[in-house]
Amino acid sequence: AKLSQRHRNVLDAFLLYHNSELPDASILADSVGISRNNLYRQSSAILPICYDVLVADSGGATLRFLSRKFLRKHLLIELQRQESLLETAGDEQGIGLLNQTAFGLIMRFTASDFDPKLALSFARKHLDRLDKPDPELALYYDTRIAFQEIVSLPARKRMRISEMAEHSEALLEGLKERISRSKNYRAIYLYNEARQVRYEYVRWDPEYRLTIFEENKRLIENHPDAFPTEWKEMLELRIAELQGYIGKAEEALAVYQRYNPTIPDLILRGYMYCNNYIILLTVVGRDEEAVRVVNEAFDSEIVRNNPALTMIKLTHSALLALLQHKLIEARGYIERGLAENMEDNFFFLYEVQLRCCEVALAIAESQFELASQLIDRHKKWLRAKRYTLDVTSWGYFFSYASEKIEHEHTGKAIKASTYERFHKQFALEWPNYARLFSEVIVPK
């Protein structure tokens with residue numbers, strides 16, 4: 001299809017602006033001499049024509065294109081459009097296939113965009129159009145949604161870790177009986193995955209979580225035909241991730257590099273794996289390589305339009321700049337991160353990581369009084385958010401830093417309890433941030 005002159009005028013008006021700089025619809029409409037409602041109608045007509053140019057095949061190919069680009073709103077609108085066309089044509093089989101495809105694509109949304117109710121609605125639409133009920137498929141859908149919801153909980157705004165644990169437990173309890181009677185090995189696998197993520201919200205114990213992964217490894221070995229090849233690969237990567245926390249980071253990196261020989265391979269697997277790979281590189285001190293991965297993997301329009309991915313990039317960049325003693329660069333990343341991590345786009349984990357970097361920067365610049373003030377402020381902030389030491393170990397970072405400063409000024413020894421809690425809890429959970437004490441927060 002070709003664009004009419006009227007459509008070209010509207011498209012040209014849009015192309016004058018970057019996505020993040022689009023003015024109000026009324027201003028755009030006035031610029032081409034049409035009403036706001038007319039602008040919406042013409043935009044709806046233009047969009048499918050643009051998709052035909054970008055994607056050689058229509059239908060599912062268009063949906064997959066939008067999913068890969070993380071264009072959530074566009075994907076949902078296109079799903080509605082295609083469903084409407086299929087309903088008009090009375091194509092029940094096509095609608096069923098569309099809903100099945102839609103479910104898979106929605107499950108790939110990033111944590112901050114994932115909507116369990118939306119995913120469930122497409123799952124139910126697909127199940128309702130089957131010739132007969134399929135309780136095992138229904139269980140698989142429910143388990144997959146529960147797993148994704150549990151994984152996505154840290155992206156929830158104003159949700160404490162204790163609440164994440166409780167919510168996860170409720171989801172798992174609702175599936176427990178059905179899983180115990182099931183022969184759907186994929187559902188059992190996902191249930192185990194959800195168990196280990198839920199346990200992460202309760203206490204840090206990578207070795208226990210590895211035992212759950214071993215259950216899944218045996219499941220795949222005993223029923224290889226039930227699982228796609230990529231499930232085995234993802235399990236090995238998940239095991240490697242935890243090995244990085246028990247002194248086997250080099251072995252873990254070897255696994256990552258075997259399955260992802262290039263950064264584009266890693267990006268295709270998912271940003272969670274990019275994040276884990278950067279952490280492993282940082283733990284073993286391959287900082288220049290980690291910086292290269294951050295810059296290559298997180299330099300795209302997708303990242304710039306996603307607050308969570310932007311914060312991952314900024315926190316890694318701040319930490320790595322500190323470890324490389326590039327203090328001016330570190331300050332820039334910290335200030336930008338703290339400024340952007342606000343209101344609807346607030347993430348606790350990235351906030352506390354940036355606050356730790358802020359303290360380390362002050363100490364590295366010998367601004368000990370400022371560092372002490374920041375430590376007091378951040379400890380009060382943790383208490384106000386109810387992130388006490390029985391919930392999160394980040395408080396040990398600030399306590400250890402505080403005693404390091406006092407030791408620097410007075411020679412007073414660091415308390416044995418503080419030292420032990422830092423090294424036996426915080427440093428095991430966050431070995432990349434623990435490096436700040438050996439390489440940045442050091443006596444002058």
# chains A, B, ... in the order shown; residues from 1 in each chain; ligands from 1

call {"tool": "residues_around", "arguments": {"residues": "Phe346 in chain A", "least_positions_apart": "2", "cutoff": "10 Å", "atoms": "only C-alpha atoms", "output": "PyMOL selection string"}}
result
chain A and resi 155-158+307-308+311+338+340-344+348-351

call {"tool": "write_last_selection", "arguments": {"atoms": "C-alpha atoms", "output": "PDB file, in the first residue's frame"}}
result
ATOM      1  CA  ALA A 155      10.200  -3.900  39.610  1.00  0.00           C
ATOM      2  CA  ARG A 156       7.020  -3.284  41.616  1.00  0.00           C
ATOM      3  CA  LYS A 157       6.936   0.149  43.137  1.00  0.00           C
ATOM      4  CA  ARG A 158       6.910   0.458  46.935  1.00  0.00           C
ATOM      5  CA  PRO A 307      13.674   3.081  32.830  1.00  0.00           C
ATOM      6  CA  ALA A 308      14.707  -0.240  34.417  1.00  0.00           C
ATOM      7  CA  MET A 311      19.125   2.188  35.640  1.00  0.00           C
ATOM      8  CA  LEU A 338      19.706   9.389  41.435  1.00  0.00           C
ATOM      9  CA  GLU A 340      16.203   9.631  37.094  1.00  0.00           C
ATOM     10  CA  ASN A 341      15.274   7.005  39.707  1.00  0.00           C
ATOM     11  CA  MET A 342      12.218   8.849  40.997  1.00  0.00           C
ATOM     12  CA  GLU A 343       8.428   8.605  41.342  1.00  0.00           C
ATOM     13  CA  ASP A 344       6.887   6.192  38.822  1.00  0.00           C
ATOM     14  CA  PHE A 348      14.867   0.267  45.330  1.00  0.00           C
ATOM     15  CA  LEU A 349      17.759  -1.949  44.247  1.00  0.00           C
ATOM     16  CA  TYR A 350      19.264   0.599  41.870  1.00  0.00           C
ATOM     17  CA  GLU A 351      18.702   3.402  44.381  1.00  0.00           C
TER      18      GLU A 351
END

call {"tool": "residues_around", "arguments": {"residues": "Ile188 in chain A", "least_positions_apart": "3", "cutoff": "9 Å", "atoms": "only C-alpha atoms", "output": "ChimeraX atom specification"}}
result
/A:140,143,179-180,182-185,191-193,216,219

call {"tool": "select_by_dssp", "arguments": {"residues": "range 8-96 of chain A", "states": "alpha helix (DSSP H)", "output": "ChimeraX atom specification"}}
result
/A:8-15,25-31,36-54,60-68,72-89,92-96

call {"tool": "atom_distance", "arguments": {"atom1": "CA of Tyr51 in chain A", "atom2": "CA of Asp113 in chain A"}}
result
22.5 Å

call {"tool": "residues_around", "arguments": {"residues": "range 21-34 of chain A", "least_positions_apart": "2", "cutoff": "12 Å", "atoms": "only C-alpha atoms", "output": "list of chain:residue names"}}
result
A:Gln5, A:Arg6, A:His7, A:Arg8, A:Asn9, A:Val10, A:Leu11, A:Asp12, A:Ala13, A:Phe14, A:Leu15, A:Leu16, A:Tyr17, A:His18, A:Asn19, A:Arg36, A:Asn37, A:Asn38, A:Leu39, A:Tyr40, A:Arg41, A:Gln42, A:Ser43, A:Asn305

call {"tool": "closest_atom_pairs", "arguments": {"of": "range 253-367 of chain A", "to": "range 65-73 of chain A", "cutoff": "12 Å", "atoms": "only C-alpha atoms", "output": "Markdown table"}}
result
| residue | atom | partner | partner_atom | distance |
| --- | --- | --- | --- | --- |
| A:Ile267 | CA | A:Arg68 | CA | 10.6 |
| A:Leu268 | CA | A:Arg68 | CA | 8.8 |
| A:Arg269 | CA | A:Arg68 | CA | 11.1 |
| A:Gly270 | CA | A:Arg68 | CA | 10.2 |
| A:Tyr271 | CA | A:Phe70 | CA | 11.7 |
| A:Ser300 | CA | A:Lys69 | CA | 10.0 |
| A:Glu301 | CA | A:Lys69 | CA | 8.7 |
| A:Ile302 | CA | A:Lys69 | CA | 6.4 |
| A:Val303 | CA | A:Phe70 | CA | 9.3 |
| A:Arg304 | CA | A:Phe70 | CA | 11.3 |
| A:Asn305 | CA | A:Phe70 | CA | 9.1 |
| A:Asn306 | CA | A:Phe70 | CA | 8.7 |
| A:Leu309 | CA | A:Phe70 | CA | 11.6 |

call {"tool": "closest_residue", "arguments": {"among": "A:Arg64, A:Arg108, A:Arg355, A:Lys313", "to": "Glu78 in chain A", "atoms": "only C-alpha atoms"}}
result
A:Arg64

call {"tool": "residues_around", "arguments": {"residues": "range 371-385 of chain A", "least_positions_apart": "2", "cutoff": "7 Å", "atoms": "only C-alpha atoms", "output": "PyMOL selection string"}}
result
chain A and resi 359+362-363+367-369+387-388+395+398+402

call {"tool": "write_last_selection", "arguments": {"atoms": "all heavy atoms", "output": "PDB file, in the first residue's frame"}}
result
ATOM      1  N   VAL A 359      28.643   7.028  48.581  1.00  0.00           N
ATOM      2  CA  VAL A 359      29.483   6.990  49.778  1.00  0.00           C
ATOM      3  C   VAL A 359      30.930   6.665  49.403  1.00  0.00           C
ATOM      4  O   VAL A 359      31.879   7.308  49.882  1.00  0.00           O
ATOM      5  CB  VAL A 359      28.943   5.951  50.780  1.00  0.00           C
ATOM      6  CG1 VAL A 359      29.956   5.696  51.904  1.00  0.00           C
ATOM      7  CG2 VAL A 359      27.618   6.420  51.365  1.00  0.00           C
ATOM      8  N   ALA A 362      32.678   9.662  47.895  1.00  0.00           N
ATOM      9  CA  ALA A 362      33.064  10.675  48.890  1.00  0.00           C
ATOM     10  C   ALA A 362      34.333  10.251  49.632  1.00  0.00           C
ATOM     11  O   ALA A 362      35.232  11.069  49.871  1.00  0.00           O
ATOM     12  CB  ALA A 362      31.912  10.901  49.871  1.00  0.00           C
ATOM     13  N   ILE A 363      34.435   8.963  49.983  1.00  0.00           N
ATOM     14  CA  ILE A 363      35.623   8.467  50.695  1.00  0.00           C
ATOM     15  C   ILE A 363      36.839   8.514  49.766  1.00  0.00           C
ATOM     16  O   ILE A 363      37.939   8.886  50.176  1.00  0.00           O
ATOM     17  CB  ILE A 363      35.383   7.045  51.217  1.00  0.00           C
ATOM     18  CG1 ILE A 363      34.270   7.070  52.287  1.00  0.00           C
ATOM     19  CG2 ILE A 363      36.655   6.456  51.809  1.00  0.00           C
ATOM     20  CD1 ILE A 363      33.867   5.694  52.783  1.00  0.00           C
ATOM     21  N   GLN A 367      36.607  13.052  51.298  1.00  0.00           N
ATOM     22  CA  GLN A 367      35.566  13.887  51.915  1.00  0.00           C
ATOM     23  C   GLN A 367      34.870  13.054  53.005  1.00  0.00           C
ATOM     24  O   GLN A 367      33.735  12.627  52.867  1.00  0.00           O
ATOM     25  CB  GLN A 367      34.559  14.332  50.857  1.00  0.00           C
ATOM     26  CG  GLN A 367      35.171  15.188  49.752  1.00  0.00           C
ATOM     27  CD  GLN A 367      34.114  15.753  48.829  1.00  0.00           C
ATOM     28  OE1 GLN A 367      33.232  16.511  49.262  1.00  0.00           O
ATOM     29  NE2 GLN A 367      34.174  15.378  47.556  1.00  0.00           N
ATOM     30  N   PHE A 368      35.609  12.822  54.091  1.00  0.00           N
ATOM     31  CA  PHE A 368      35.141  11.897  55.114  1.00  0.00           C
ATOM     32  C   PHE A 368      33.921  12.419  55.866  1.00  0.00           C
ATOM     33  O   PHE A 368      33.044  11.644  56.249  1.00  0.00           O
ATOM     34  CB  PHE A 368      36.279  11.580  56.090  1.00  0.00           C
ATOM     35  CG  PHE A 368      37.438  10.900  55.425  1.00  0.00           C
ATOM     36  CD1 PHE A 368      38.653  11.553  55.281  1.00  0.00           C
ATOM     37  CD2 PHE A 368      37.311   9.621  54.924  1.00  0.00           C
ATOM     38  CE1 PHE A 368      39.719  10.945  54.653  1.00  0.00           C
ATOM     39  CE2 PHE A 368      38.375   8.991  54.299  1.00  0.00           C
ATOM     40  CZ  PHE A 368      39.580   9.652  54.157  1.00  0.00           C
ATOM     41  N   GLU A 369      33.871  13.724  56.098  1.00  0.00           N
ATOM     42  CA  GLU A 369      32.706  14.286  56.794  1.00  0.00           C
ATOM     43  C   GLU A 369      31.453  14.118  55.946  1.00  0.00           C
ATOM     44  O   GLU A 369      30.386  13.718  56.447  1.00  0.00           O
ATOM     45  CB  GLU A 369      32.943  15.763  57.097  1.00  0.00           C
ATOM     46  CG  GLU A 369      31.816  16.387  57.921  1.00  0.00           C
ATOM     47  CD  GLU A 369      32.107  17.827  58.308  1.00  0.00           C
ATOM     48  OE1 GLU A 369      33.255  18.291  58.107  1.00  0.00           O
ATOM     49  OE2 GLU A 369      31.169  18.491  58.803  1.00  0.00           O
ATOM     50  N   TYR A 387      13.581  -1.432  55.328  1.00  0.00           N
ATOM     51  CA  TYR A 387      14.569  -2.381  54.847  1.00  0.00           C
ATOM     52  C   TYR A 387      15.601  -2.592  55.951  1.00  0.00           C
ATOM     53  O   TYR A 387      16.720  -2.103  55.889  1.00  0.00           O
ATOM     54  CB  TYR A 387      15.235  -1.865  53.568  1.00  0.00           C
ATOM     55  CG  TYR A 387      14.383  -2.047  52.344  1.00  0.00           C
ATOM     56  CD1 TYR A 387      13.692  -0.972  51.784  1.00  0.00           C
ATOM     57  CD2 TYR A 387      14.244  -3.297  51.748  1.00  0.00           C
ATOM     58  CE1 TYR A 387      12.899  -1.138  50.662  1.00  0.00           C
ATOM     59  CE2 TYR A 387      13.448  -3.467  50.632  1.00  0.00           C
ATOM     60  CZ  TYR A 387      12.779  -2.387  50.088  1.00  0.00           C
ATOM     61  OH  TYR A 387      11.989  -2.562  48.982  1.00  0.00           O
ATOM     62  N   THR A 388      15.182  -3.309  56.979  1.00  0.00           N
ATOM     63  CA  THR A 388      16.040  -3.572  58.126  1.00  0.00           C
ATOM     64  C   THR A 388      17.030  -4.685  57.784  1.00  0.00           C
ATOM     65  O   THR A 388      16.926  -5.345  56.755  1.00  0.00           O
ATOM     66  CB  THR A 388      15.197  -3.962  59.336  1.00  0.00           C
ATOM     67  OG1 THR A 388      14.331  -5.054  58.962  1.00  0.00           O
ATOM     68  CG2 THR A 388      14.336  -2.793  59.799  1.00  0.00           C
ATOM     69  N   GLY A 395      22.436  -2.642  54.559  1.00  0.00           N
ATOM     70  CA  GLY A 395      22.810  -1.860  55.741  1.00  0.00           C
ATOM     71  C   GLY A 395      24.211  -2.168  56.221  1.00  0.00           C
ATOM     72  O   GLY A 395      24.893  -1.304  56.797  1.00  0.00           O
ATOM     73  N   PHE A 398      26.859   0.136  54.723  1.00  0.00           N
ATOM     74  CA  PHE A 398      26.993   1.451  55.343  1.00  0.00           C
ATOM     75  C   PHE A 398      27.644   1.356  56.727  1.00  0.00           C
ATOM     76  O   PHE A 398      28.448   2.215  57.091  1.00  0.00           O
ATOM     77  CB  PHE A 398      25.623   2.118  55.432  1.00  0.00           C
ATOM     78  CG  PHE A 398      24.996   2.381  54.087  1.00  0.00           C
ATOM     79  CD1 PHE A 398      23.782   1.810  53.746  1.00  0.00           C
ATOM     80  CD2 PHE A 398      25.631   3.186  53.154  1.00  0.00           C
ATOM     81  CE1 PHE A 398      23.207   2.039  52.501  1.00  0.00           C
ATOM     82  CE2 PHE A 398      25.078   3.422  51.900  1.00  0.00           C
ATOM     83  CZ  PHE A 398      23.857   2.841  51.578  1.00  0.00           C
ATOM     84  N   SER A 402      31.138   3.134  57.673  1.00  0.00           N
ATOM     85  CA  SER A 402      31.196   4.070  58.799  1.00  0.00           C
ATOM     86  C   SER A 402      32.378   3.754  59.717  1.00  0.00           C
ATOM     87  O   SER A 402      33.132   4.651  60.133  1.00  0.00           O
ATOM     88  CB  SER A 402      29.886   4.010  59.586  1.00  0.00           C
ATOM     89  OG  SER A 402      29.939   4.868  60.699  1.00  0.00           O
TER      90      SER A 402
END

call {"tool": "closest_residue", "arguments": {"among": "A:Leu320, A:Leu79, A:Cys356, A:Val255", "to": "Ile106 in chain A", "atoms": "only C-alpha atoms"}}
result
A:Leu79

call {"tool": "residues_around", "arguments": {"residues": "Tyr433 in chain A", "least_positions_apart": "3", "cutoff": "9 Å", "atoms": "only C-alpha atoms", "output": "PyMOL selection string"}}
result
chain A and resi 282-283+319+353+356-357+397+426-427+430+436-437

call {"tool": "closest_residue", "arguments": {"among": "A:Ala364, A:Met272, A:Ala165, A:Leu63", "to": "Met234 in chain A", "atoms": "only C-alpha atoms"}}
result
A:Met272

call {"tool": "atom_distance", "arguments": {"atom1": "CA of Thr418 in chain A", "atom2": "CA of Glu403 in chain A"}}
result
8.4 Å

call {"tool": "atom_distance", "arguments": {"atom1": "CA of Leu171 in chain A", "atom2": "CA of Ile220 in chain A"}}
result
24.0 Å
